>>> print(open('final_2.txt').read())   # compact mmCIF, C-alpha atoms
# COMPACT_ATOMS: atom_id res chain seq x y z
CA MET A 1 -156.13 128.92 85.60
CA HIS A 2 -155.22 130.65 82.35
CA PRO A 3 -157.57 130.57 79.35
CA PRO A 4 -156.50 128.27 76.51
CA PRO A 5 -154.52 129.96 73.74
CA THR A 6 -156.28 130.90 70.54
CA LYS A 7 -155.43 128.30 67.92
CA PRO A 8 -154.18 129.56 64.53
CA ASP A 9 -156.96 129.41 61.97
CA ALA A 10 -156.37 127.27 58.86
CA ARG A 11 -158.41 129.58 56.62
CA LEU A 12 -156.37 132.59 57.67
CA GLY A 13 -153.24 130.52 57.17
CA PHE A 14 -154.29 129.67 53.63
CA GLY A 15 -154.86 133.32 52.77
CA THR A 16 -151.56 134.40 54.32
CA SER A 17 -149.62 131.71 52.45
CA VAL A 18 -151.25 132.51 49.12
CA VAL A 19 -150.45 136.22 49.47
CA LEU A 20 -146.82 135.41 50.32
CA ALA A 21 -146.48 133.05 47.35
CA LEU A 22 -148.08 135.59 45.02
CA LEU A 23 -145.60 138.22 46.16
CA ILE A 24 -142.77 135.85 45.27
CA VAL A 25 -144.26 135.23 41.82
CA ILE A 26 -144.80 138.94 41.16
CA ALA A 27 -141.32 139.91 42.37
CA VAL A 28 -139.51 137.26 40.31
CA ALA A 29 -141.63 137.90 37.21
CA SER A 30 -141.06 141.65 37.46
CA ALA A 31 -137.32 141.20 37.74
CA ASN A 32 -136.97 138.58 35.02
CA GLY A 33 -138.96 139.69 32.01
CA GLY A 34 -142.39 138.37 32.98
CA LEU A 35 -143.84 135.06 34.06
CA THR A 36 -141.47 133.11 31.81
CA GLY A 37 -138.69 134.28 34.10
CA LEU A 38 -139.90 131.82 36.71
CA LEU A 39 -139.03 128.95 34.36
CA THR A 40 -135.34 129.91 34.67
CA VAL A 41 -134.52 128.80 31.14
CA GLY A 42 -130.81 128.02 30.86
CA GLU A 43 -128.89 129.59 28.01
CA ASP A 44 -127.07 126.26 27.50
CA PHE A 45 -129.96 123.87 28.20
CA PRO A 46 -131.37 121.82 25.29
CA ILE A 47 -134.98 122.83 25.93
CA ARG A 48 -134.26 126.53 25.40
CA PRO A 49 -135.28 126.55 21.67
CA PHE A 50 -138.53 124.74 22.53
CA VAL A 51 -139.48 127.40 25.10
CA GLU A 52 -138.43 130.23 22.80
CA ALA A 53 -140.56 128.76 20.00
CA ASP A 54 -143.58 129.09 22.33
CA PHE A 55 -142.84 132.51 23.83
CA GLY A 56 -140.23 134.21 21.70
CA ALA A 57 -137.24 135.74 23.47
CA VAL A 58 -137.22 134.96 27.18
CA GLU A 59 -134.99 136.03 30.04
CA LEU A 60 -132.18 133.47 30.21
CA ALA A 61 -130.28 132.12 33.19
CA THR A 62 -126.61 131.29 32.97
CA GLY A 63 -125.62 127.72 32.32
CA ASP A 64 -128.33 125.08 32.58
CA GLY A 65 -130.92 127.14 34.47
CA HIS A 66 -133.37 125.32 36.74
CA ASP A 67 -135.95 122.54 36.58
CA GLY A 68 -139.06 124.64 35.93
CA GLN A 69 -138.19 124.74 32.24
CA GLN A 70 -138.25 120.93 32.15
CA TYR A 71 -141.64 120.69 33.83
CA TYR A 72 -142.96 123.20 31.34
CA GLY A 73 -141.77 120.96 28.51
CA ILE A 74 -143.40 117.92 30.12
CA ALA A 75 -146.64 119.87 30.55
CA ARG A 76 -146.65 120.47 26.80
CA ASP A 77 -145.81 116.81 26.04
CA PRO A 78 -147.02 114.82 29.08
CA PHE A 79 -146.88 111.36 27.50
CA GLY A 80 -143.48 111.84 25.94
CA THR A 81 -144.61 111.28 22.36
CA GLY A 82 -142.97 114.40 20.92
CA GLU A 83 -139.53 115.97 21.10
CA VAL A 84 -139.51 116.92 24.79
CA PRO A 85 -137.97 113.66 26.14
CA ASP A 86 -134.87 114.46 24.10
CA LEU A 87 -134.71 117.95 25.60
CA VAL A 88 -134.82 117.12 29.34
CA ASP A 89 -131.88 115.81 31.31
CA ASN A 90 -133.31 112.46 32.46
CA PRO A 91 -136.75 111.66 31.01
CA SER A 92 -137.15 108.37 32.88
CA TYR A 93 -136.86 110.35 36.13
CA ARG A 94 -138.46 113.67 35.19
CA TYR A 95 -141.59 112.07 33.75
CA LEU A 96 -142.25 110.20 37.00
CA HIS A 97 -143.38 113.49 38.57
CA ILE A 98 -146.30 113.82 36.20
CA LEU A 99 -149.24 115.24 38.14
CA TYR A 100 -148.14 118.89 38.27
CA PRO A 101 -147.28 119.25 34.57
CA LEU A 102 -150.22 117.06 33.54
CA LEU A 103 -152.71 119.36 35.28
CA ALA A 104 -150.98 122.58 34.25
CA GLY A 105 -150.85 121.57 30.61
CA GLY A 106 -154.37 120.14 30.49
CA PHE A 107 -153.01 116.76 29.35
CA GLY A 108 -150.96 118.62 26.76
CA LEU A 109 -153.99 120.39 25.23
CA PHE A 110 -153.58 123.88 26.70
CA SER A 111 -151.77 126.70 24.96
CA PRO A 112 -148.28 127.77 26.10
CA ALA A 113 -149.62 130.86 27.90
CA VAL A 114 -152.37 128.96 29.75
CA THR A 115 -149.91 126.22 30.70
CA LEU A 116 -147.48 128.72 32.18
CA TRP A 117 -150.17 130.57 34.11
CA LEU A 118 -151.51 127.30 35.50
CA MET A 119 -148.04 126.21 36.56
CA ALA A 120 -147.79 129.40 38.60
CA ALA A 121 -151.36 129.07 39.92
CA LEU A 122 -150.88 125.45 41.02
CA ALA A 123 -147.59 126.31 42.73
CA VAL A 124 -149.22 129.18 44.62
CA LEU A 125 -152.33 127.15 45.48
CA GLY A 126 -150.20 124.23 46.67
CA PHE A 127 -148.25 126.56 48.92
CA GLY A 128 -151.44 127.96 50.43
CA VAL A 129 -153.03 124.55 50.99
CA SER A 130 -149.81 123.21 52.53
CA GLY A 131 -149.82 125.96 55.12
CA ALA A 132 -153.51 125.55 55.89
CA ALA A 133 -153.22 121.76 56.16
CA ALA A 134 -150.28 122.05 58.56
CA LEU A 135 -152.34 124.33 60.81
CA ARG A 136 -155.27 121.91 60.63
CA ILE A 137 -153.11 118.94 61.60
CA ALA A 138 -151.67 120.87 64.52
CA ARG A 139 -155.19 121.61 65.73
CA GLN A 140 -156.24 117.96 65.30
CA LEU A 141 -153.31 116.89 67.49
CA GLY A 142 -153.98 119.49 70.17
CA GLY A 143 -151.39 122.02 69.08
CA GLY A 144 -152.28 125.66 69.59
CA HIS A 145 -148.90 127.30 69.99
CA THR A 146 -148.21 129.96 67.39
CA VAL A 147 -144.89 128.34 66.43
CA VAL A 148 -146.99 126.39 63.90
CA LEU A 149 -147.19 129.63 61.89
CA LEU A 150 -143.64 128.86 60.75
CA ALA A 151 -145.27 126.38 58.40
CA LEU A 152 -146.64 129.36 56.48
CA VAL A 153 -143.14 130.57 55.61
CA ASN A 154 -141.64 127.26 54.50
CA VAL A 155 -138.52 128.41 52.65
CA GLY A 156 -138.18 125.15 50.70
CA LEU A 157 -141.69 125.54 49.33
CA LEU A 158 -141.11 129.21 48.52
CA LEU A 159 -138.18 128.09 46.38
CA ALA A 160 -140.51 125.64 44.64
CA VAL A 161 -142.89 128.51 43.90
CA ARG A 162 -140.08 130.65 42.62
CA PHE A 163 -138.88 127.95 40.18
CA LEU A 164 -142.35 126.50 39.34
CA LEU A 165 -141.73 123.00 40.70
CA PRO A 166 -144.12 120.24 41.87
CA ASP A 167 -143.12 120.27 45.55
CA THR A 168 -145.92 122.55 46.76
CA LEU A 169 -148.61 120.38 45.16
CA ALA A 170 -147.01 117.19 46.49
CA LEU A 171 -146.82 118.49 50.06
CA ALA A 172 -150.33 119.94 49.98
CA LEU A 173 -151.81 116.59 48.92
CA SER A 174 -149.68 114.70 51.46
CA LEU A 175 -150.75 116.86 54.39
CA ILE A 176 -154.38 116.62 53.30
CA GLY A 177 -153.92 112.84 53.34
CA VAL A 178 -152.47 112.93 56.84
CA SER A 179 -155.31 115.12 58.10
CA LEU A 180 -157.94 112.80 56.60
CA ALA A 181 -156.21 109.72 58.04
CA LEU A 182 -156.29 111.33 61.50
CA GLU A 183 -160.07 111.57 61.10
CA GLY A 184 -160.27 107.92 60.06
CA ARG A 185 -161.28 108.83 56.50
CA ASP A 186 -158.91 106.41 54.87
CA ARG A 187 -160.39 106.28 51.36
CA PRO A 188 -160.09 109.99 50.59
CA ALA A 189 -156.77 109.97 52.45
CA GLY A 190 -155.55 107.24 50.13
CA VAL A 191 -156.64 109.22 47.08
CA ALA A 192 -154.81 112.35 48.28
CA LEU A 193 -151.68 110.35 49.07
CA ALA A 194 -151.77 108.58 45.71
CA LEU A 195 -151.94 111.94 43.93
CA ALA A 196 -149.07 113.22 46.08
CA VAL A 197 -146.85 110.32 45.00
CA LEU A 198 -147.78 111.03 41.37
CA ALA A 199 -146.67 114.61 41.96
CA LYS A 200 -143.32 113.57 43.42
CA THR A 201 -142.20 110.02 44.12
CA THR A 202 -140.26 110.93 47.28
CA TYR A 203 -143.55 111.71 48.97
CA PHE A 204 -144.25 107.99 49.27
CA VAL A 205 -142.55 108.59 52.63
CA PHE A 206 -145.91 109.86 53.92
CA PRO A 207 -147.86 106.63 53.24
CA LEU A 208 -144.99 104.62 54.71
CA ALA A 209 -145.04 106.65 57.92
CA LEU A 210 -148.84 106.41 58.18
CA GLY A 211 -148.66 102.65 57.67
CA ALA A 212 -146.03 102.30 60.40
CA TRP A 213 -148.20 104.41 62.71
CA VAL A 214 -151.23 102.10 62.53
CA TRP A 215 -149.39 98.79 61.98
CA ARG A 216 -149.61 97.51 65.54
CA SER A 217 -153.29 98.36 66.00
CA ASP A 218 -154.70 97.60 62.55
CA ARG A 219 -152.52 95.84 59.99
CA ALA A 220 -155.18 95.83 57.30
CA ARG A 221 -155.48 99.59 57.61
CA ALA A 222 -151.71 99.93 57.51
CA VAL A 223 -151.55 97.98 54.26
CA ALA A 224 -154.34 100.06 52.75
CA LEU A 225 -152.69 103.36 53.69
CA THR A 226 -149.33 102.24 52.35
CA VAL A 227 -149.97 100.02 49.35
CA LEU A 228 -152.98 101.63 47.70
CA PRO A 229 -151.36 105.08 47.30
CA ALA A 230 -148.47 103.39 45.50
CA VAL A 231 -150.59 101.71 42.81
CA PRO A 232 -151.20 104.68 40.44
CA ALA A 233 -147.57 105.77 40.69
CA GLY A 234 -146.43 102.20 40.13
CA LEU A 235 -148.52 101.90 36.98
CA TRP A 236 -147.26 105.23 35.68
CA MET A 237 -143.68 104.21 36.52
CA GLY A 238 -144.19 101.08 34.43
CA TYR A 239 -145.21 103.23 31.46
CA VAL A 240 -142.30 105.65 31.91
CA PHE A 241 -139.67 102.93 32.29
CA ALA A 242 -141.07 101.00 29.35
CA ARG A 243 -140.84 104.12 27.19
CA PHE A 244 -137.57 105.62 28.36
CA GLY A 245 -135.81 102.85 30.27
CA ALA A 246 -135.31 102.52 34.02
CA SER A 247 -133.20 105.23 35.58
CA THR A 248 -132.81 107.33 38.70
CA ALA A 249 -131.59 110.87 39.25
CA GLY A 250 -128.81 109.87 41.63
CA ASN A 251 -130.53 111.59 44.54
CA LEU A 252 -129.96 108.76 47.03
CA ALA A 253 -126.75 107.50 48.62
CA VAL A 254 -125.40 105.48 51.55
CA PRO A 255 -126.42 107.29 54.76
CA PHE A 256 -124.30 110.36 55.59
CA THR A 257 -122.04 110.00 52.53
CA GLY A 258 -123.97 112.60 50.52
CA LEU A 259 -123.68 115.22 53.26
CA ILE A 260 -120.02 114.45 53.93
CA GLY A 261 -119.18 114.60 50.23
CA ALA A 262 -121.05 117.86 49.77
CA ILE A 263 -119.12 119.60 52.55
CA ASP A 264 -115.97 119.38 50.42
CA LEU A 265 -117.84 121.05 47.55
CA TRP A 266 -119.28 123.97 49.48
CA SER A 267 -116.15 126.03 48.83
CA GLU A 268 -117.09 125.98 45.13
CA VAL A 269 -120.66 127.30 45.48
CA SER A 270 -122.05 130.63 46.60
CA SER A 271 -122.26 131.60 50.27
CA GLY A 272 -126.04 131.78 49.93
CA GLU A 273 -126.21 128.15 48.84
CA VAL A 274 -123.98 127.11 51.73
CA ALA A 275 -126.13 129.09 54.19
CA MET A 276 -129.25 127.32 52.95
CA ALA A 277 -127.54 123.93 53.21
CA LEU A 278 -126.51 124.71 56.80
CA GLY A 279 -130.08 125.79 57.49
CA ALA A 280 -131.27 122.44 56.18
CA LEU A 281 -128.76 120.67 58.44
CA LEU A 282 -130.10 122.63 61.42
CA LEU A 283 -133.62 121.61 60.38
CA VAL A 284 -132.56 117.95 60.47
CA GLY A 285 -131.24 118.43 64.00
CA ILE A 286 -134.50 120.06 65.08
CA GLY A 287 -136.41 117.17 63.54
CA VAL A 288 -134.39 114.66 65.57
CA VAL A 289 -134.99 116.57 68.82
CA LEU A 290 -138.72 116.92 68.20
CA ALA A 291 -139.04 113.25 67.26
CA ALA A 292 -137.48 112.38 70.61
CA ARG A 293 -139.70 114.77 72.57
CA THR A 294 -143.09 114.40 70.89
CA ARG A 295 -145.73 112.26 72.56
CA HIS A 296 -147.61 111.59 69.34
CA GLU A 297 -146.44 108.48 67.54
CA LEU A 298 -147.55 109.64 64.09
CA LEU A 299 -145.48 112.81 64.38
CA ARG A 300 -142.51 110.74 65.49
CA TRP A 301 -142.79 108.45 62.47
CA LEU A 302 -143.19 111.36 60.07
CA LEU A 303 -140.28 113.33 61.50
CA LEU A 304 -137.94 110.34 61.56
CA ALA A 305 -138.94 109.35 58.04
CA TRP A 306 -137.95 112.75 56.64
CA VAL A 307 -134.81 112.87 58.75
CA GLY A 308 -134.04 109.55 57.09
CA VAL A 309 -134.57 111.12 53.66
CA ALA A 310 -132.04 113.80 54.61
CA LEU A 311 -129.46 111.25 55.71
CA ILE A 312 -129.68 109.17 52.52
CA SER A 313 -129.78 112.17 50.18
CA SER A 314 -126.87 112.29 47.80
CA GLU A 315 -124.06 114.76 47.35
CA PHE A 316 -126.06 116.28 44.49
CA VAL A 317 -128.90 117.19 46.90
CA TRP A 318 -126.65 118.54 49.66
CA GLU A 319 -124.25 120.48 47.46
CA PHE A 320 -126.76 123.23 46.67
CA GLY A 321 -128.77 124.53 49.62
CA ASN A 322 -131.77 125.48 47.49
CA ASN A 323 -132.10 121.80 46.52
CA THR A 324 -131.68 120.62 50.10
CA LEU A 325 -134.28 122.95 51.58
CA ARG A 326 -136.73 122.05 48.82
CA VAL A 327 -136.23 118.30 49.28
CA LEU A 328 -136.70 118.71 53.04
CA ALA A 329 -139.67 121.09 52.82
CA PRO A 330 -141.94 118.47 54.46
CA LEU A 331 -139.60 118.35 57.47
CA TRP A 332 -139.99 122.13 57.89
CA SER A 333 -143.80 121.88 58.02
CA LEU A 334 -143.78 118.79 60.23
CA ALA A 335 -141.34 120.41 62.65
CA ALA A 336 -143.65 123.43 62.92
CA VAL A 337 -146.59 121.14 63.71
CA ALA A 338 -144.62 119.02 66.19
CA GLY A 339 -143.23 122.10 67.90
CA SER A 340 -146.73 123.53 68.28
CA VAL A 341 -148.08 120.29 69.73
CA TYR A 342 -145.16 119.90 72.11
CA LEU A 343 -145.20 123.49 73.39
CA SER A 344 -149.00 123.39 73.78
CA SER A 345 -148.77 120.22 75.88
CA ARG A 346 -146.19 121.89 78.14
CA THR A 347 -148.43 124.95 78.54
CA SER A 348 -151.42 122.73 79.34
CA ARG A 349 -149.48 120.91 82.07
CA LYS A 350 -148.41 124.23 83.59
CA ASN A 351 -152.02 125.46 83.67
CA LEU A 352 -153.42 122.40 85.42
CA PRO A 353 -155.20 123.32 88.69
CA VAL A 354 -153.28 122.51 91.83
>>> encode(input="final_2.txt", output="structure tokens")
Amino acid sequence: MHPPPTKPDARLGFGTSVVLALLIVIAVASANGGLTGLLTVGEDFPIRPFVEADFGAVELATGDGHDGQQYYGIARDPFGTGEVPDLVDNPSYRYLHILYPLLAGGFGLFSPAVTLWLMAALAVLGFGVSGAAALRIARQLGGGHTVVLLALVNVGLLLAVRFLLPDTLALALSLIGVSLALEGRDRPAGVALALAVLAKTTYFVFPLALGAWVWRSDRARAVALTVLPAVPAGLWMGYVFARFGASTAGNLAVPFTGLIGAIDLWSEVSSGEVAMALGALLLVGIGVVLAARTRHELLRWLLLAWVGVALISSEFVWEFGNNTLRVLAPLWSLAAVAGSVYLSSRTSRKNLPV
């Protein structure tokens, strides 16, 4: 009988992930005129003068740049009482994802420099916690196979670090919530999940999957895990829609139509973007296979839920692979966990005494 494999340590995973994320931050900042380079301020985007008023001349990206510049603006004006709502592309959508800019900007009280540094720090910390939480969940579910270490190199989350986006914080809080729910600690799990939804509304998928997991055995618990995390985000959504009007970003579509429509557009984008989109499509396929093979019902619900997100994502999400991988970052981490659990169970069955 072979000895059991050594299970990857969550603390080591946290340290490894943080170092990797820091290297990304240092590399991008060094190549783009300092930390402001991570904001990817677009030369044609309306918020450019606002950022330049805070930092002076900054390295500019062609066209509209990326979303980090918008989250910086929201961090400086988190309640939308100043000029920032007029400088972002869809305030009724952007302001929904409030937790990351709210914390980084100290409720709008911190200086520009402190806000920028905290945006980077929260992105790096979220990346580290996400990796550690994935390893912890794998251990809780009996997974010891080293394939779970793939969660520490989640490309979608690395892109979120590079562009200073809320995804790393949202996934870290979500996976903490899942881990706590596995231990039966539903109150702190609910708090973590509620914060995750405030960081990014799409992450309500996690409470939904947890609720489905426990529905047959404990409906009251299912309601608590699903409904309570939605309350803070619902209240904040009411404020945002009352202030800016109800709107969406057009990220959702009839199943499969977004992917099919994006395929026709791939000839117009860079080969790197297409490669990342194809990688995301492969990830969806892996998620389907693992959902079919896993013996753990919670993993099945989580995997299928994020596969569902992929299938109803719009052409806008699928056109650019960096968007697709970032939206599906949870599926990457969950696939690493499910793969570890599945491969460990196969190894255990092989090592049974005969």
>>> atom_distance(input="final_2.txt", atom1="CA of Ala209 in chain A", atom2="CA of Thr226 in chain A")
8.3 Å
>>> closest_residue(input="final_2.txt", among="A:Leu331, A:Leu152, A:Ile74, A:Ala29", to="Val205 in chain A", atoms="all atoms listed in the file")
A:Leu331
>>> residues_near_point(input="final_2.txt", point="(-140.5, 112.6, 30.9)", cutoff="9 Å", atoms="only C-alpha atoms", output="PyMOL selection string")
chain A and resi 70-71+73-74+77-80+84-85+88+90-98+240+244
>>> residues_around(input="final_2.txt", residues="Gly105 in chain A", least_positions_apart="3", cutoff="7 Å", atoms="all atoms listed in the file", output="ChimeraX atom specification")
/A:75-76,101-102,108-110,115
>>> write_last_selection(input="final_2.txt", atoms="C-alpha atoms", output="PDB file, in the frame of the given file")
ATOM      1  CA  ALA A  75    -146.640 119.870  30.550  1.00  0.00           C
ATOM      2  CA  ARG A  76    -146.650 120.470  26.800  1.00  0.00           C
ATOM      3  CA  PRO A 101    -147.280 119.250  34.570  1.00  0.00           C
ATOM      4  CA  LEU A 102    -150.220 117.060  33.540  1.00  0.00           C
ATOM      5  CA  GLY A 108    -150.960 118.620  26.760  1.00  0.00           C
ATOM      6  CA  LEU A 109    -153.990 120.390  25.230  1.00  0.00           C
ATOM      7  CA  PHE A 110    -153.580 123.880  26.700  1.00  0.00           C
ATOM      8  CA  THR A 115    -149.910 126.220  30.700  1.00  0.00           C
TER       9      THR A 115
END
>>> closest_residue(input="final_2.txt", among="A:Arg48, A:Phe163, A:Ala194, A:Phe256", to="Ile312 in chain A", atoms="only C-alpha atoms")
A:Phe256
>>> residues_around(input="final_2.txt", residues="Ile286 in chain A", least_positions_apart="3", cutoff="12 Å", atoms="all atoms listed in the file", output="CSV table (one decimal) with C-alpha atoms, in the frame of the given file")
chain,number,residue,atom,x,y,z
A,279,GLY,CA,-130.1,125.8,57.5
A,280,ALA,CA,-131.3,122.4,56.2
A,281,LEU,CA,-128.8,120.7,58.4
A,282,LEU,CA,-130.1,122.6,61.4
A,283,LEU,CA,-133.6,121.6,60.4
A,289,VAL,CA,-135.0,116.6,68.8
A,290,LEU,CA,-138.7,116.9,68.2
A,291,ALA,CA,-139.0,113.2,67.3
A,292,ALA,CA,-137.5,112.4,70.6
A,293,ARG,CA,-139.7,114.8,72.6
A,294,THR,CA,-143.1,114.4,70.9
A,303,LEU,CA,-140.3,113.3,61.5
A,304,LEU,CA,-137.9,110.3,61.6
A,306,TRP,CA,-138.0,112.8,56.6
A,307,VAL,CA,-134.8,112.9,58.8
A,331,LEU,CA,-139.6,118.4,57.5
A,332,TRP,CA,-140.0,122.1,57.9
A,333,SER,CA,-143.8,121.9,58.0
A,334,LEU,CA,-143.8,118.8,60.2
A,335,ALA,CA,-141.3,120.4,62.6
A,336,ALA,CA,-143.6,123.4,62.9
A,338,ALA,CA,-144.6,119.0,66.2
A,339,GLY,CA,-143.2,122.1,67.9
>>> closest_residue(input="final_2.txt", among="A:Leu122, A:Val147, A:Ile47, A:Ala310", to="Pro166 in chain A", atoms="only C-alpha atoms")
A:Leu122
>>> closest_residue(input="final_2.txt", among="A:Leu298, A:Asp264, A:Val284, A:Leu259", to="Leu208 in chain A", atoms="all atoms listed in the file")
A:Leu298
>>> atom_distance(input="final_2.txt", atom1="CA of Gly238 in chain A", atom2="CA of Ala199 in chain A")
15.7 Å
>>> axis_aligned_box(input="final_2.txt", around="range 305-313 of chain A", padding_each_side="5 Å", output="lines of an AutoDock Vina configuration file")
center_x = -134.2
center_y = 111.5
center_z = 54.5
size_x = 19.5
size_y = 14.6
size_z = 18.6
>>> closest_residue(input="final_2.txt", among="A:Val341, A:Met276, A:Ala104, A:Ala121", to="Ala138 in chain A", atoms="only C-alpha atoms")
A:Val341
>>> residues_near_point(input="final_2.txt", point="(-141.5, 123.7, 42.6)", cutoff="10 Å", atoms="all atoms listed in the file", output="list in words")
Asp67, Gly68, Tyr71, Tyr100, Met119, Ala120, Leu122, Ala123, Val124, Gly126, Phe127, Gly156, Leu157, Leu158, Leu159, Ala160, Val161, Arg162, Phe163, Leu164, Leu165, Pro166, Asp167, Thr168, Leu169, Ala170 and Arg326 of chain A
>>> residues_around(input="final_2.txt", residues="Trp215 in chain A", least_positions_apart="3", cutoff="12 Å", atoms="only C-alpha atoms", output="list in words")
Pro207, Leu208, Ala209, Leu210, Gly211, Ala212, Asp218, Arg219, Ala220, Arg221, Ala222, Val223, Ala224, Leu225, Thr226, Glu297, Leu298 and Trp301 of chain A
>>> write_last_selection(input="final_2.txt", atoms="C-alpha atoms", output="CSV table (one decimal), keeping the file's coordinate frame")
chain,number,residue,atom,x,y,z
A,207,PRO,CA,-147.9,106.6,53.2
A,208,LEU,CA,-145.0,104.6,54.7
A,209,ALA,CA,-145.0,106.6,57.9
A,210,LEU,CA,-148.8,106.4,58.2
A,211,GLY,CA,-148.7,102.6,57.7
A,212,ALA,CA,-146.0,102.3,60.4
A,218,ASP,CA,-154.7,97.6,62.6
A,219,ARG,CA,-152.5,95.8,60.0
A,220,ALA,CA,-155.2,95.8,57.3
A,221,ARG,CA,-155.5,99.6,57.6
A,222,ALA,CA,-151.7,99.9,57.5
A,223,VAL,CA,-151.6,98.0,54.3
A,224,ALA,CA,-154.3,100.1,52.8
A,225,LEU,CA,-152.7,103.4,53.7
A,226,THR,CA,-149.3,102.2,52.4
A,297,GLU,CA,-146.4,108.5,67.5
A,298,LEU,CA,-147.6,109.6,64.1
A,301,TRP,CA,-142.8,108.4,62.5
>>> atom_distance(input="final_2.txt", atom1="CA of Val18 in chain A", atom2="CA of Glu273 in chain A")
25.4 Å
>>> build_atoms(input="final_2.txt", residues="range 56-70 of chain A", atoms="N, CA and C atoms", output="PDB file, in the frame of the given file")
ATOM      1  N   GLY A  56    -141.160 133.232  22.230  1.00  0.00           N
ATOM      2  CA  GLY A  56    -140.230 134.210  21.700  1.00  0.00           C
ATOM      3  C   GLY A  56    -139.045 134.356  22.637  1.00  0.00           C
ATOM      4  N   ALA A  57    -138.399 135.509  22.596  1.00  0.00           N
ATOM      5  CA  ALA A  57    -137.240 135.740  23.470  1.00  0.00           C
ATOM      6  C   ALA A  57    -137.670 135.741  24.929  1.00  0.00           C
ATOM      7  N   VAL A  58    -136.943 135.017  25.753  1.00  0.00           N
ATOM      8  CA  VAL A  58    -137.220 134.960  27.180  1.00  0.00           C
ATOM      9  C   VAL A  58    -135.947 135.317  27.943  1.00  0.00           C
ATOM     10  N   GLU A  59    -136.134 135.752  29.178  1.00  0.00           N
ATOM     11  CA  GLU A  59    -134.990 136.030  30.040  1.00  0.00           C
ATOM     12  C   GLU A  59    -134.255 134.721  30.312  1.00  0.00           C
ATOM     13  N   LEU A  60    -132.949 134.701  30.080  1.00  0.00           N
ATOM     14  CA  LEU A  60    -132.180 133.470  30.210  1.00  0.00           C
ATOM     15  C   LEU A  60    -131.324 133.489  31.469  1.00  0.00           C
ATOM     16  N   ALA A  61    -131.183 132.300  32.053  1.00  0.00           N
ATOM     17  CA  ALA A  61    -130.280 132.120  33.190  1.00  0.00           C
ATOM     18  C   ALA A  61    -128.956 131.575  32.661  1.00  0.00           C
ATOM     19  N   THR A  62    -127.904 131.806  33.394  1.00  0.00           N
ATOM     20  CA  THR A  62    -126.610 131.290  32.970  1.00  0.00           C
ATOM     21  C   THR A  62    -126.573 129.768  33.084  1.00  0.00           C
ATOM     22  N   GLY A  63    -125.804 129.158  32.251  1.00  0.00           N
ATOM     23  CA  GLY A  63    -125.620 127.720  32.320  1.00  0.00           C
ATOM     24  C   GLY A  63    -126.886 126.944  31.980  1.00  0.00           C
ATOM     25  N   ASP A  64    -127.201 125.977  32.837  1.00  0.00           N
ATOM     26  CA  ASP A  64    -128.330 125.080  32.580  1.00  0.00           C
ATOM     27  C   ASP A  64    -129.658 125.573  33.131  1.00  0.00           C
ATOM     28  N   GLY A  65    -129.660 126.660  33.907  1.00  0.00           N
ATOM     29  CA  GLY A  65    -130.920 127.140  34.470  1.00  0.00           C
ATOM     30  C   GLY A  65    -131.435 126.230  35.571  1.00  0.00           C
ATOM     31  N   HIS A  66    -132.776 126.139  35.677  1.00  0.00           N
ATOM     32  CA  HIS A  66    -133.370 125.320  36.740  1.00  0.00           C
ATOM     33  C   HIS A  66    -134.465 124.432  36.156  1.00  0.00           C
ATOM     34  N   ASP A  67    -135.087 123.628  37.035  1.00  0.00           N
ATOM     35  CA  ASP A  67    -135.950 122.540  36.580  1.00  0.00           C
ATOM     36  C   ASP A  67    -137.326 122.971  36.092  1.00  0.00           C
ATOM     37  N   GLY A  68    -137.745 124.205  36.379  1.00  0.00           N
ATOM     38  CA  GLY A  68    -139.060 124.640  35.930  1.00  0.00           C
ATOM     39  C   GLY A  68    -139.219 124.546  34.424  1.00  0.00           C
ATOM     40  N   GLN A  69    -138.154 124.826  33.699  1.00  0.00           N
ATOM     41  CA  GLN A  69    -138.190 124.740  32.240  1.00  0.00           C
ATOM     42  C   GLN A  69    -138.499 123.314  31.772  1.00  0.00           C
ATOM     43  N   GLN A  70    -138.016 122.321  32.523  1.00  0.00           N
ATOM     44  CA  GLN A  70    -138.250 120.930  32.150  1.00  0.00           C
ATOM     45  C   GLN A  70    -139.707 120.539  32.422  1.00  0.00           C
TER      46      GLN A  70
END
